[in-house]
Each structure stands twice: as structure tokens, then as C-alpha cells.
$ cat upload-v4.csv   # CSV, C-alpha atoms
chain,number,residue,atom,x,y,z
A,29,MET,CA,130.9,83.5,56.2
A,30,ARG,CA,127.1,83.5,55.8
A,31,ALA,CA,125.4,86.8,55.2
A,32,LEU,CA,122.1,88.2,54.0
A,33,THR,CA,122.4,89.7,50.5
A,34,TRP,CA,120.2,91.8,48.3
A,35,GLN,CA,119.1,89.9,45.1
A,36,GLY,CA,116.4,92.1,43.7
A,37,HIS,CA,113.1,93.8,44.4
A,38,GLU,CA,111.7,92.1,47.6
A,39,LYS,CA,114.2,89.3,47.2
A,40,VAL,CA,117.0,88.6,49.6
A,41,ALA,CA,119.1,85.5,50.3
A,42,VAL,CA,121.5,84.1,52.8
A,43,GLU,CA,124.7,83.0,51.0
A,44,ASP,CA,128.4,82.6,51.4
A,45,VAL,CA,130.5,85.8,51.1
A,46,PRO,CA,134.2,86.5,51.8
A,47,ASP,CA,135.1,87.0,55.5
A,48,PRO,CA,135.8,90.6,56.4
A,49,ARG,CA,139.2,91.6,57.5
A,50,VAL,CA,141.1,94.5,58.9
A,51,GLN,CA,141.8,96.8,56.0
A,52,GLU,CA,142.7,100.1,57.7
A,53,PRO,CA,144.5,100.9,60.9
A,54,ARG,CA,141.3,102.0,62.7
A,55,ASP,CA,139.3,98.9,61.7
A,56,ALA,CA,138.0,96.2,63.9
A,57,VAL,CA,136.2,92.9,63.0
A,58,ILE,CA,133.4,91.6,65.3
A,59,ARG,CA,131.7,88.3,65.5
A,60,VAL,CA,128.0,89.2,65.3
A,61,THR,CA,125.9,87.8,68.1
A,62,SER,CA,122.7,89.6,67.3
A,63,THR,CA,121.5,91.7,64.3
A,64,ALA,CA,118.1,93.3,63.8
A,65,ILE,CA,115.9,94.1,60.9
A,66,CYS,CA,115.1,97.8,60.8
A,67,GLY,CA,112.1,99.5,59.2
A,68,SER,CA,114.5,101.4,56.9
A,69,ASP,CA,115.8,98.0,55.8
A,70,LEU,CA,112.3,97.6,54.2
A,71,HIS,CA,113.1,100.6,52.1
A,72,LEU,CA,116.0,98.7,50.6
A,73,TYR,CA,113.8,95.6,50.2
A,74,SER,CA,111.1,97.5,48.3
A,75,VAL,CA,112.0,101.0,47.2
A,76,LEU,CA,115.7,101.8,47.0
A,77,GLY,CA,116.8,98.9,44.7
A,78,PRO,CA,118.2,101.3,42.1
A,79,PHE,CA,121.0,102.1,44.5
A,80,LEU,CA,121.8,98.5,45.4
A,81,THR,CA,123.9,95.9,43.6
A,82,ARG,CA,123.1,92.2,43.6
A,83,GLY,CA,125.1,90.6,46.4
A,84,ASP,CA,125.2,93.7,48.7
A,85,VAL,CA,125.2,92.6,52.4
A,86,LEU,CA,122.4,94.3,54.3
A,87,GLY,CA,121.9,95.3,57.9
A,88,HIS,CA,122.9,98.2,60.1
A,89,GLU,CA,121.8,97.1,63.6
A,90,ALA,CA,124.4,94.8,65.0
A,91,MET,CA,126.4,93.9,68.1
A,92,GLY,CA,128.9,91.2,69.0
A,93,ILE,CA,132.3,90.3,70.2
A,94,VAL,CA,135.5,92.0,69.0
A,95,GLU,CA,137.7,89.4,67.2
A,96,GLU,CA,140.4,91.5,65.6
A,97,VAL,CA,141.5,95.1,65.9
A,98,GLY,CA,143.8,97.4,63.8
A,99,PRO,CA,146.8,99.1,65.4
A,100,GLU,CA,144.9,102.4,65.7
A,101,ALA,CA,141.6,101.1,67.0
A,102,GLY,CA,142.0,103.1,70.2
A,103,SER,CA,141.1,101.4,73.5
A,104,LEU,CA,139.0,98.6,71.8
A,105,ARG,CA,140.3,95.2,72.7
A,106,VAL,CA,139.7,91.7,71.4
A,107,GLY,CA,137.0,90.1,73.5
A,108,ASP,CA,135.1,93.3,74.1
A,109,ARG,CA,131.3,93.1,73.8
A,110,VAL,CA,130.2,96.0,71.6
A,111,VAL,CA,127.2,97.6,70.0
A,112,VAL,CA,127.9,99.1,66.5
A,113,PRO,CA,126.2,102.4,65.7
A,114,PHE,CA,124.7,102.3,62.2
A,115,GLY,CA,126.5,105.5,61.1
A,116,ILE,CA,130.2,105.5,60.7
A,117,ALA,CA,131.9,108.5,62.2
A,118,CYS,CA,135.4,109.6,63.2
A,119,GLY,CA,134.7,111.5,66.3
A,120,THR,CA,137.1,114.3,65.7
A,121,CYS,CA,136.1,116.3,62.6
A,122,VAL,CA,134.1,119.6,62.8
A,123,MET,CA,130.8,117.8,62.3
A,124,CYS,CA,131.4,115.1,64.9
A,125,ALA,CA,132.6,117.7,67.4
A,126,SER,CA,129.4,119.6,66.8
A,127,GLY,CA,127.3,116.5,67.7
A,128,LEU,CA,126.4,115.9,64.0
A,129,GLN,CA,128.1,112.5,63.6
A,130,SER,CA,125.7,111.6,60.8
A,131,GLN,CA,127.4,114.3,58.8
A,132,CYS,CA,131.0,113.2,59.6
A,133,GLU,CA,133.4,114.8,57.2
A,134,THR,CA,135.8,111.9,57.3
A,135,THR,CA,133.3,109.3,56.1
A,136,GLN,CA,131.0,111.6,54.1
A,137,VAL,CA,130.1,110.0,50.8
A,138,ARG,CA,131.0,113.0,48.7
A,139,ALA,CA,130.6,111.2,45.4
A,140,GLN,CA,126.9,110.9,46.1
A,141,GLY,CA,126.5,114.2,47.8
A,142,THR,CA,125.3,112.4,51.0
A,143,GLY,CA,126.3,112.4,54.7
A,144,ALA,CA,128.3,109.9,56.7
A,145,ALA,CA,128.7,106.4,55.5
A,146,LEU,CA,126.3,103.8,56.9
A,147,PHE,CA,126.5,100.1,57.3
A,148,GLY,CA,124.6,98.1,54.7
A,149,TYR,CA,122.8,101.0,53.1
A,150,THR,CA,123.3,101.3,49.4
A,151,ALA,CA,125.8,103.1,47.2
A,152,LEU,CA,124.3,106.4,48.4
A,153,TYR,CA,125.9,105.8,51.8
A,154,GLY,CA,129.2,104.3,50.8
A,155,GLY,CA,128.3,100.7,49.9
A,156,VAL,CA,129.7,99.4,53.2
A,157,PRO,CA,128.8,95.7,53.9
A,158,GLY,CA,126.2,95.4,56.6
A,159,GLY,CA,125.8,93.5,59.8
A,160,GLN,CA,123.2,90.9,58.9
A,161,ALA,CA,126.1,88.4,58.8
A,162,GLU,CA,128.3,86.3,60.9
A,163,TYR,CA,131.1,88.9,61.0
A,164,LEU,CA,131.3,92.6,60.4
A,165,ARG,CA,134.2,94.9,59.5
A,166,VAL,CA,133.9,98.1,61.6
A,167,PRO,CA,135.7,101.2,60.2
A,168,GLN,CA,136.6,104.0,62.6
A,169,ALA,CA,136.5,101.5,65.5
A,170,HIS,CA,138.5,103.8,67.7
A,171,TYR,CA,135.3,105.9,68.1
A,172,GLY,CA,132.2,104.1,66.9
A,173,PRO,CA,131.6,100.9,68.8
A,174,VAL,CA,130.0,101.2,72.3
A,175,VAL,CA,131.5,98.7,74.8
A,176,VAL,CA,128.7,97.2,76.9
A,177,PRO,CA,128.9,94.9,80.0
A,178,THR,CA,129.6,91.2,79.6
A,179,ASP,CA,127.1,90.5,82.4
A,180,GLY,CA,125.1,87.7,81.0
A,181,GLU,CA,122.2,90.0,80.1
A,182,PRO,CA,120.5,89.2,76.7
A,183,ASP,CA,121.7,91.1,73.7
A,184,GLU,CA,118.3,92.8,73.4
A,185,ARG,CA,119.1,94.9,76.5
A,186,TYR,CA,121.9,96.6,74.5
A,187,LEU,CA,121.3,95.9,70.8
A,188,TYR,CA,119.0,98.9,70.2
A,189,LEU,CA,121.8,101.3,71.0
A,190,SER,CA,122.8,100.7,67.4
A,191,ASP,CA,119.9,102.6,65.9
A,192,VAL,CA,116.4,102.4,67.4
A,193,LEU,CA,117.1,104.0,70.8
A,194,PRO,CA,119.3,106.9,69.6
A,195,THR,CA,116.9,107.6,66.7
A,196,ALA,CA,114.0,107.7,69.1
A,197,TRP,CA,116.0,109.8,71.6
A,198,GLN,CA,116.9,112.3,68.9
A,199,ALA,CA,113.3,112.4,67.6
A,200,VAL,CA,112.1,113.4,71.1
A,201,GLU,CA,115.0,115.9,71.5
A,202,TYR,CA,114.1,117.5,68.1
A,203,ALA,CA,110.4,117.5,68.9
A,204,ASP,CA,111.1,120.0,71.7
A,205,VAL,CA,108.2,118.6,73.9
A,206,PRO,CA,107.5,121.1,76.7
A,207,ALA,CA,107.6,119.7,80.3
A,208,GLY,CA,104.2,118.2,80.9
A,209,GLY,CA,103.2,118.7,77.3
A,210,THR,CA,101.5,116.5,74.7
A,211,VAL,CA,103.3,114.8,71.8
A,212,VAL,CA,101.8,112.8,69.0
A,213,VAL,CA,103.8,109.8,67.7
A,214,VAL,CA,102.7,108.8,64.2
A,215,GLY,CA,103.5,105.1,63.6
A,216,LEU,CA,104.4,102.5,66.2
A,217,GLY,CA,107.1,100.4,64.6
A,218,PRO,CA,110.2,100.0,66.7
A,219,VAL,CA,111.3,103.6,66.5
A,220,GLY,CA,107.8,104.9,67.3
A,221,GLN,CA,107.5,102.5,70.2
A,222,MET,CA,110.7,103.7,71.7
A,223,ALA,CA,110.0,107.4,70.9
A,224,ALA,CA,106.7,107.1,72.9
A,225,ARG,CA,108.5,105.6,75.9
A,226,VAL,CA,111.4,108.1,75.7
A,227,ALA,CA,109.0,111.0,75.6
A,228,LEU,CA,107.3,109.9,78.8
A,229,HIS,CA,110.6,109.2,80.5
A,230,ARG,CA,111.8,112.7,79.6
A,231,GLY,CA,108.8,114.5,81.1
A,232,ALA,CA,106.0,114.6,78.5
A,233,GLY,CA,102.7,114.7,80.2
A,234,ARG,CA,100.9,112.7,77.5
A,235,VAL,CA,101.8,110.7,74.4
A,236,ILE,CA,99.1,110.1,71.8
A,237,ALA,CA,100.1,107.4,69.4
A,238,ILE,CA,98.6,106.8,66.0
A,239,GLU,CA,98.8,103.3,64.5
A,240,GLY,CA,96.6,100.9,62.5
A,241,VAL,CA,98.1,97.5,63.7
A,242,PRO,CA,96.5,96.2,66.9
A,243,GLU,CA,99.6,94.5,68.3
A,244,ARG,CA,101.5,97.7,67.9
A,245,ARG,CA,98.8,99.7,69.7
A,246,ALA,CA,98.7,97.2,72.5
A,247,MET,CA,102.5,97.4,73.1
A,248,ALA,CA,102.4,101.2,73.2
A,249,SER,CA,99.4,101.2,75.5
A,250,ARG,CA,101.1,99.0,78.1
A,251,HIS,CA,103.9,101.5,78.2
A,252,GLY,CA,101.7,104.5,78.9
A,253,ALA,CA,100.6,105.9,75.5
A,254,ASP,CA,97.1,106.8,74.5
A,255,VAL,CA,96.4,105.1,71.2
A,256,ILE,CA,94.3,106.0,68.2
A,257,ASP,CA,93.3,103.3,65.8
A,258,ALA,CA,94.3,104.6,62.3
A,259,ALA,CA,92.6,101.7,60.7
A,260,THR,CA,89.1,102.6,62.0
A,261,VAL,CA,89.2,106.3,62.8
A,262,ASP,CA,88.4,108.3,59.6
A,263,ASP,CA,89.8,111.6,60.9
A,264,VAL,CA,92.9,110.9,63.1
A,265,VAL,CA,93.9,114.6,63.1
A,266,GLY,CA,90.4,115.4,64.3
A,267,ALA,CA,90.7,112.8,66.9
A,268,VAL,CA,93.9,114.3,68.2
A,269,ARG,CA,92.3,117.7,68.3
A,270,ASP,CA,89.4,116.3,70.3
A,271,LEU,CA,91.9,115.0,72.9
A,272,THR,CA,93.7,118.4,73.0
A,273,ASP,CA,90.9,121.0,73.5
A,274,GLY,CA,90.7,121.5,69.8
A,275,ARG,CA,94.2,122.9,69.6
A,276,GLY,CA,96.4,120.0,68.6
A,277,ALA,CA,99.5,118.5,70.3
A,278,ASP,CA,102.5,120.6,71.3
A,279,SER,CA,104.8,118.4,69.3
A,280,ALA,CA,104.6,115.6,66.8
A,281,ILE,CA,107.0,112.8,65.7
A,282,ASP,CA,106.7,111.2,62.3
A,283,ALA,CA,108.2,107.7,62.9
A,284,VAL,CA,106.9,106.3,59.6
A,285,GLY,CA,108.7,107.8,56.6
A,286,MET,CA,108.6,107.2,52.9
A,287,GLU,CA,106.4,104.2,52.8
A,288,ALA,CA,103.4,105.4,54.8
A,289,HIS,CA,100.0,103.7,54.1
A,290,GLY,CA,97.4,105.9,52.6
A,291,SER,CA,99.5,107.3,49.7
A,292,PRO,CA,98.4,105.2,46.7
A,293,VAL,CA,99.8,107.4,43.9
A,294,ALA,CA,103.3,107.6,45.5
A,295,LYS,CA,103.2,103.9,46.2
A,296,THR,CA,102.6,103.2,42.5
A,297,ALA,CA,105.5,105.5,41.6
A,298,HIS,CA,107.8,103.6,44.1
A,299,LEU,CA,106.9,100.3,42.5
A,300,MET,CA,107.5,101.6,38.9
A,301,THR,CA,110.9,103.1,39.9
A,302,ALA,CA,112.0,100.0,41.7
A,303,ALA,CA,111.3,98.0,38.5
A,304,LEU,CA,113.4,100.2,36.3
A,305,PRO,CA,117.1,99.4,35.4
A,306,SER,CA,119.4,100.7,38.1
A,307,ALA,CA,120.9,103.6,36.1
A,308,VAL,CA,117.5,104.9,35.1
A,309,GLY,CA,115.9,104.4,38.5
A,310,ARG,CA,118.7,106.3,40.2
A,311,GLY,CA,118.3,109.2,37.9
A,312,LEU,CA,114.6,109.3,38.4
A,313,MET,CA,114.8,109.2,42.1
A,314,ARG,CA,117.4,111.9,42.2
A,315,THR,CA,115.3,114.3,40.2
A,316,ALA,CA,111.6,113.3,40.3
A,317,GLY,CA,111.3,110.8,43.2
A,318,VAL,CA,108.3,111.2,45.5
A,319,ASP,CA,107.6,109.7,48.9
A,320,ARG,CA,104.4,108.4,50.5
A,321,LEU,CA,103.7,111.4,52.8
A,322,ALA,CA,100.6,110.3,54.7
A,323,GLY,CA,102.6,110.0,57.9
A,324,LEU,CA,104.2,113.4,57.6
A,325,ARG,CA,101.0,115.0,56.7
A,326,THR,CA,99.3,113.5,59.7
A,327,ALA,CA,102.1,114.8,62.0
A,328,LEU,CA,101.8,118.3,60.5
A,329,GLY,CA,98.0,118.3,60.9
A,330,ALA,CA,98.0,117.0,64.5
A,331,VAL,CA,100.4,119.6,65.9
A,332,ARG,CA,99.2,122.9,67.2
A,333,ARG,CA,100.0,126.3,65.8
A,334,GLY,CA,103.6,127.2,66.8
A,335,GLY,CA,104.3,123.5,67.4
A,336,THR,CA,107.3,121.4,66.4
A,337,VAL,CA,107.3,118.4,64.1
A,338,SER,CA,110.3,116.0,64.4
A,339,VAL,CA,110.8,113.6,61.5
A,340,ALA,CA,112.6,110.3,62.3
A,341,GLY,CA,111.1,108.4,59.4
A,342,VAL,CA,113.4,108.1,56.4
A,343,TYR,CA,112.5,110.0,53.3
A,344,GLY,CA,114.2,109.9,49.9
A,345,GLY,CA,112.1,111.8,47.4
A,346,ALA,CA,113.5,114.7,45.5
A,347,ALA,CA,110.2,116.2,44.4
A,348,ASP,CA,107.9,115.8,47.4
A,349,PRO,CA,104.9,118.2,47.4
A,350,MET,CA,104.7,120.1,50.7
A,351,ASN,CA,102.0,122.6,51.7
A,352,LEU,CA,104.4,125.4,52.6
A,353,MET,CA,101.6,128.0,53.0
A,354,GLU,CA,100.1,125.9,55.8
A,355,ILE,CA,103.5,125.4,57.4
A,356,PHE,CA,104.2,129.1,57.2
A,357,ASP,CA,100.8,130.2,58.3
A,358,ARG,CA,100.8,127.9,61.3
A,359,GLN,CA,104.3,128.8,62.3
A,360,LEU,CA,105.5,125.3,62.5
A,361,THR,CA,109.1,124.2,63.2
A,362,LEU,CA,110.3,121.1,61.3
A,363,ARG,CA,113.4,119.1,62.2
A,364,PHE,CA,114.7,116.3,60.1
A,365,GLY,CA,117.8,114.2,60.2
A,366,GLN,CA,119.6,110.9,60.4
A,367,ALA,CA,120.3,110.0,64.0
A,368,ASN,CA,123.7,111.2,65.4
A,369,VAL,CA,124.0,107.9,67.3
A,370,ARG,CA,127.2,108.6,69.3
A,371,ARG,CA,125.8,111.9,70.5
A,372,TRP,CA,123.2,110.1,72.5
A,373,THR,CA,124.7,106.8,73.6
A,374,ASP,CA,126.4,108.0,76.7
A,375,ALA,CA,123.0,109.2,78.1
A,376,LEU,CA,121.3,106.0,77.0
A,377,LEU,CA,123.7,103.3,78.2
A,378,PRO,CA,122.9,103.8,81.9
A,379,LEU,CA,119.2,103.5,81.1
A,380,VAL,CA,119.5,100.3,79.2
A,381,ALA,CA,121.9,98.8,81.8
A,382,ASP,CA,119.4,99.7,84.6
A,383,PRO,CA,117.9,96.4,85.9
A,384,SER,CA,114.6,98.2,86.2
A,385,ASP,CA,114.5,98.7,82.4
A,386,PRO,CA,112.9,102.1,82.5
A,387,LEU,CA,112.6,102.3,78.7
A,388,GLY,CA,111.3,98.8,78.4
A,389,VAL,CA,114.0,97.6,76.0
A,390,LEU,CA,113.2,94.0,76.9
A,391,ASP,CA,109.7,94.4,75.6
A,392,LEU,CA,110.3,95.3,72.0
A,393,ARG,CA,111.6,92.2,70.2
A,394,THR,CA,108.7,90.0,69.2
A,395,HIS,CA,110.7,87.5,67.0
A,396,ARG,CA,114.2,86.0,67.3
A,397,LEU,CA,115.1,83.9,64.3
A,398,PRO,CA,118.3,82.3,62.9
A,399,LEU,CA,120.1,84.3,60.3
A,400,GLU,CA,119.4,81.5,57.8
A,401,GLN,CA,115.7,82.4,58.1
A,402,ALA,CA,116.3,86.1,57.3
A,403,PRO,CA,114.4,86.1,54.0
A,404,GLN,CA,111.3,84.8,55.8
A,405,ALA,CA,111.9,87.3,58.6
A,406,TYR,CA,111.9,90.2,56.0
A,407,ASP,CA,108.6,89.0,54.6
A,408,LEU,CA,107.1,88.6,58.1
A,409,PHE,CA,108.2,92.1,59.1
A,410,GLN,CA,107.0,93.7,55.9
A,411,ARG,CA,103.6,92.1,56.2
A,412,LYS,CA,103.4,92.8,60.0
A,413,ALA,CA,102.2,89.2,60.3
A,414,ASP,CA,102.1,87.1,63.4
A,415,GLY,CA,102.2,90.2,65.6
A,416,CYS,CA,105.7,91.1,64.3
A,417,ILE,CA,107.1,94.4,65.6
A,418,LYS,CA,110.8,93.8,65.9
A,419,VAL,CA,112.9,90.9,64.5
A,420,VAL,CA,116.3,90.0,65.8
A,421,LEU,CA,118.5,87.6,63.8
A,422,ASP,CA,120.9,85.1,65.4
A,423,PRO,CA,123.9,84.3,63.2
A,424,ALA,CA,124.9,81.4,65.6
A,425,ALA,CA,121.5,79.6,65.6

$ encode --input "upload-v4.csv" --output "C-alpha cells"
Amino acid sequence: MRALTWQGHEKVAVEDVPDPRVQEPRDAVIRVTSTAICGSDLHLYSVLGPFLTRGDVLGHEAMGIVEEVGPEAGSLRVGDRVVVPFGIACGTCVMCASGLQSQCETTQVRAQGTGAALFGYTALYGGVPGGQAEYLRVPQAHYGPVVVPTDGEPDERYLYLSDVLPTAWQAVEYADVPAGGTVVVVGLGPVGQMAARVALHRGAGRVIAIEGVPERRAMASRHGADVIDAATVDDVVGAVRDLTDGRGADSAIDAVGMEAHGSPVAKTAHLMTAALPSAVGRGLMRTAGVDRLAGLRTALGAVRRGGTVSVAGVYGGAADPMNLMEIFDRQLTLRFGQANVRRWTDALLPLVADPSDPLGVLDLRTHRLPLEQAPQAYDLFQRKADGCIKVVLDPAA
């Protein structure tokens, strides 16, 4: 089959790789009909190379048609149309039963000291081949895949159940936005866009969104957010305070993560680490890695005393400097964590299936390209060129 593979720092290629097959009783194999590029894929593209091996298949947002099932794949049937959550979970262990599927004890990557295995996301998370491919092997298929209607609706109505929507929903849940309250969303990539919409849907009185890219601001604005131009406003935290009686927002969501703009020293460290041999780079990131924290610092500054900061952006630094005195003095609550996808999909499925599209899922994808053009799509998405906000790849095109 054809699949997108990692080849080196900011270098990916579509090439022939072996077809996946059922290897365990709970496996399934799906024919991928749509697969998206995520902001966290760009971390692999630029930063997390030390944990990748040349030829690794990338991608963790995929949906398609079930082609084959193992004997213990539960109620899943050949021909089902499914969305595949990016985290691989069993559904029955203590962590899954607690709603912490991202910490599943069955698929935890204990050799790396990390949580549940993820599709297409480095040796840190199990080295499981990803979904930017024609076919995908799905472990724990008795629990993970979400069966969606075969109703002729475009994949984009359901595709974001794989990651973007559950991540945004959890970000809002963790932000603990009071009814009628104000939440700041830092960064308007796909997760930030959906977090803003979810917050308003769930009863926030106001969403203030901070973003430097005009097309992203325009999209958020048409879905009800008040936007601040991070590219022209010198003091975005001050701007938030001006909009909130000098107090700050009740809650904030960092939807940016480790590669935030405005962190030149950490950016240089990222580039240097990515250029090192894998063994050396892995050791350095595990002990001395730092992230670009401008997004998190903005979220911390924009929230009021006693407020909550929810972190949906991915971080990977082991030596990040944090102003703990400020966090303590202002009595802030911080909540981090990988999305527990299957915890939220039952609530989300009726919303995405609703013909009225209350979350605007059909207004997120800006580019749909053939899988063969994935290298160009990564470059486009990274540069935010041509108004690119969300790219969906079509393996059949």
C-alpha cells in the first residue's frame, strides 16, 4: 500500500510499505477514506525526530471502512464505517473505567514510561504505524473505533471525532468555564477553533481568541469568538484584561503547545536537538528538553486570579521553566493531558450527526488533497500558507 513515511527533519515521503494485517484477535483493518494532518504531526515533522525511525508511517486522525476483523473484535463488522480514535485503549482496565483512556494500562508503553499507545506517534508511544495511508491496522478494535452512519454525508462531518473534537471538548471540560463566563483560547489551529465553538455551545458567555493569522481569526469570528490579533497587539494579556474589567478571563485554554511563536531561545534548542543523532537527541530531550512556552505563558497571564488554565497543546520538555510563585500567588488551577477520546465520543456523535451542524464541523477543513501530495500538504500546513487551517488527505484520489 501507499503511506506517508518520516524520512528526516522536515522531510516526509509517500512510498510503498507492507499492507497491514490482523495480528491479534482484537485487531481490525480498515480501508482509509480520509486522514487528516494534525498540529501535533508538525511536532514530529520538526521537533521529535530523535524518537522516530526512517520509514515510520505517520498520522493519527483517520476514518474508513472496515475490511477485516479479528475473532475478538466485538460487534465490529466488515463494511462498517468507522472513525478511529488516535489513542489505543482497551476499555476495561482501571484507567479506562475511570475515563482516562489515554492512560490505558493494557496499551501503556511502559518501556518508555509513557501513557497509552498512539497511532503514528514515535517510539515514545509504541511505534504503531499511523493512518496517513491507504489501510490501517487498528488494535483493540472491540472498543476503539466509533461506528458512524453510512448516510452519504462527507467524511468531514465525522472525521474530527478521531482527535480534534474530543481534544477540544476535554479542553473546555478541564477549563471549568462557569456558566456565562469568559474563556480565552490561545491559538486558533484546528483544536483552538473547535474549543472556541465547544465553549460557546456549552454555555460560555464569551470567548476571546488570540491568534496572529488573519484567516484563522476570520474563521473563529464567524463562529462567535471575539478575536485579538497577536501579530499587531503588543500586549495581548493587557488586551484581555481591558475586555474583562481589568480582571482577566475566568478560564483559559492553551491550544498551541510546544512550538509557540515568540520563544526564540527554545526554538533554537529545538532545531539543535532535532539535528543530533537519535540516541543523543532522545537523551537530551528526556533530561534537558525545553518547550516554546509563549502560548502557555499567555494563557497563564490572561486568566484571572483563582481561574483555571486548560492545556490542550502538546508539550514534551523535561526542563521547562515555570513561574511557580506566580501560579501559587494567583491561586491558579492547571489541567493538562492527552485527550481521553472515547470518554467524549458518545456525547459528540449526536452533535456531529445533527444536520444543523451546531459545532460547525463542515467549516474547518480548508484543503483536501490526495495522499500522494502529503509532503506538500505538510509544508503548506506548517507555513500556514494559502489560508491553510485544516488539511484532509484522500488516499483514493

$ residues_around --input "upload-v4.csv" --residues "region 182-194 of chain A" --least-positions-apart "6" --cutoff "8 Å" --atoms "only C-alpha atoms" --output "list in words"
Thr61, Ser62, Thr63, His88, Glu89, Ala90, Met91, Val111, Val112, Pro113, Phe114, Val176, Pro218, Val219, Met222, Ala223, Ala367, Asn368, Val369, Trp372, Thr373, Leu376, Leu377, Val380, Ala381, Val389, Leu390 and Arg393 of chain A

$ atom_distance --input "upload-v4.csv" --atom1 "CA of Ala145 (chain A)" --atom2 "CA of Pro167 (chain A)"
9.9 Å

$ atom_distance --input "upload-v4.csv" --atom1 "CA of Val45 (chain A)" --atom2 "CA of Pro423 (chain A)"
13.9 Å

$ residues_around --input "upload-v4.csv" --residues "region 46-53 of chain A" --least-positions-apart "5" --cutoff "8 Å" --atoms "only C-alpha atoms" --output "VMD selection string"
chain A and resid 29 96 to 101 163 to 165 167

$ atom_distance --input "upload-v4.csv" --atom1 "CA of Ile256 (chain A)" --atom2 "CA of Glu239 (chain A)"
6.4 Å

$ residues_around --input "upload-v4.csv" --residues "Asp278 (chain A)" --least-positions-apart "6" --cutoff "9 Å" --atoms "all atoms listed in the file" --output "ChimeraX atom specification"
/A:203-206,209-212,330-337

$ residues_around --input "upload-v4.csv" --residues "Gly252 (chain A)" --least-positions-apart "6" --cutoff "8 Å" --atoms "all atoms listed in the file" --output "MDAnalysis selection string"
chainID A and resid 225 228 235

$ closest_residue --input "upload-v4.csv" --among "A:Leu32, A:Val94, A:Val255, A:Ala248" --to "Asp69 (chain A)" --atoms "all atoms listed in the file"
A:Leu32

$ residues_near_point --input "upload-v4.csv" --point "(122.9, 91.9, 47.0)" --cutoff "12 Å" --atoms "all atoms listed in the file" --output "number ranges by chain"
A: 31-45, 72-73, 77-87, 148-151, 155-158, 160

$ residues_around --input "upload-v4.csv" --residues "region 348-364 of chain A" --least-positions-apart "3" --cutoff "10 Å" --atoms "all atoms listed in the file" --output "ChimeraX atom specification"
/A:198-199,201-204,279-282,294,316-321,324-325,328-329,331-345,367

$ write_last_selection --input "upload-v4.csv" --atoms "C-alpha atoms" --output "short mmCIF file (atom, residue, chain, number, x, y, z; two decimals), in the coordinates of the input"
data_model
loop_
_atom_site.label_atom_id
_atom_site.label_comp_id
_atom_site.auth_asym_id
_atom_site.auth_seq_id
_atom_site.Cartn_x
_atom_site.Cartn_y
_atom_site.Cartn_z
CA GLN A 198 116.90 112.30 68.90
CA ALA A 199 113.30 112.40 67.60
CA GLU A 201 115.00 115.90 71.50
CA TYR A 202 114.10 117.50 68.10
CA ALA A 203 110.40 117.50 68.90
CA ASP A 204 111.10 120.00 71.70
CA SER A 279 104.80 118.40 69.30
CA ALA A 280 104.60 115.60 66.80
CA ILE A 281 107.00 112.80 65.70
CA ASP A 282 106.70 111.20 62.30
CA ALA A 294 103.30 107.60 45.50
CA ALA A 316 111.60 113.30 40.30
CA GLY A 317 111.30 110.80 43.20
CA VAL A 318 108.30 111.20 45.50
CA ASP A 319 107.60 109.70 48.90
CA ARG A 320 104.40 108.40 50.50
CA LEU A 321 103.70 111.40 52.80
CA LEU A 324 104.20 113.40 57.60
CA ARG A 325 101.00 115.00 56.70
CA LEU A 328 101.80 118.30 60.50
CA GLY A 329 98.00 118.30 60.90
CA VAL A 331 100.40 119.60 65.90
CA ARG A 332 99.20 122.90 67.20
CA ARG A 333 100.00 126.30 65.80
CA GLY A 334 103.60 127.20 66.80
CA GLY A 335 104.30 123.50 67.40
CA THR A 336 107.30 121.40 66.40
CA VAL A 337 107.30 118.40 64.10
CA SER A 338 110.30 116.00 64.40
CA VAL A 339 110.80 113.60 61.50
CA ALA A 340 112.60 110.30 62.30
CA GLY A 341 111.10 108.40 59.40
CA VAL A 342 113.40 108.10 56.40
CA TYR A 343 112.50 110.00 53.30
CA GLY A 344 114.20 109.90 49.90
CA GLY A 345 112.10 111.80 47.40
CA ALA A 367 120.30 110.00 64.00
#

$ closest_residue --input "upload-v4.csv" --among "A:Val261, A:Arg275, A:Gly415, A:Gln221" --to "Asp391 (chain A)" --atoms "only C-alpha atoms"
A:Gln221

$ closest_residue --input "upload-v4.csv" --among "A:Leu387, A:Val174, A:Ala267, A:Val122" --to "Ala224 (chain A)" --atoms "all atoms listed in the file"
A:Leu387
